[in-house]
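Before any comments, here is the structure.
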Amino acid sequence: MAWMAWTWPTAIFFMVIASLLVTFTVLAIKFPESPRTGILRIETTRGDRLFITLLGSAFINLAWLGIVGAHQPYALIVCLIYAAAVFRWV
């Protein structure tokens, strides 16, 4: 199919998402956790925090493209800081 340009960055993106899902599934099986309440005052598990991180990172990258334009590696740094904050405090 030639309808989508599969580049290496695209393939790496999907491989990272798939490996995160597998890793978090294995962690949930080996080390079950009880939900915790963080700064949002809702109960979240590791998977919930991963979802919040991925969703927020998508919005950060879209905002970065709209406001700054290029230089996307700097958006990755912002996303990593955001991910650390979500997993620590949410």
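Identifiers in the structure tokens: chain A, B, ... in order shown; residue index from 1 per chain; ligand index from 1 in order shown.
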Original post:
Running DSSP on the backbone, which parts of chain A land in alpha helix (DSSP H), as a PyMOL selection string?
Top reply: chain A and resi 8-30+46-67+72-89
**OP:** With a distance cut-off of 9 Å and only C-alpha atoms, select the neighbouring residues of region 22-36 of chain A, excluding the residue or stretch itself and same-chain residues fewer than 4 positions from it, and output the selection as a VMD selection string.
**Re:** chain A and resid 17 to 18 42 to 47 50 90
Subject >> Every residue of chain A that DSSP places in strand (DSSP E), as number ranges by chain >> reply: A: 36-37, 43-44
Include C-alpha atoms and write out the residues we just selected as a PDB file, in the first residue's frame.
```pdb
ATOM      1  CA  ARG A  36      -3.311   6.033  44.140  1.00  0.00           C
ATOM      2  CA  THR A  37      -4.757   9.508  44.401  1.00  0.00           C
ATOM      3  CA  GLU A  43      -7.411   7.345  41.450  1.00  0.00           C
ATOM      4  CA  THR A  44      -4.830   6.414  38.822  1.00  0.00           C
TER       5      THR A  44
END
```
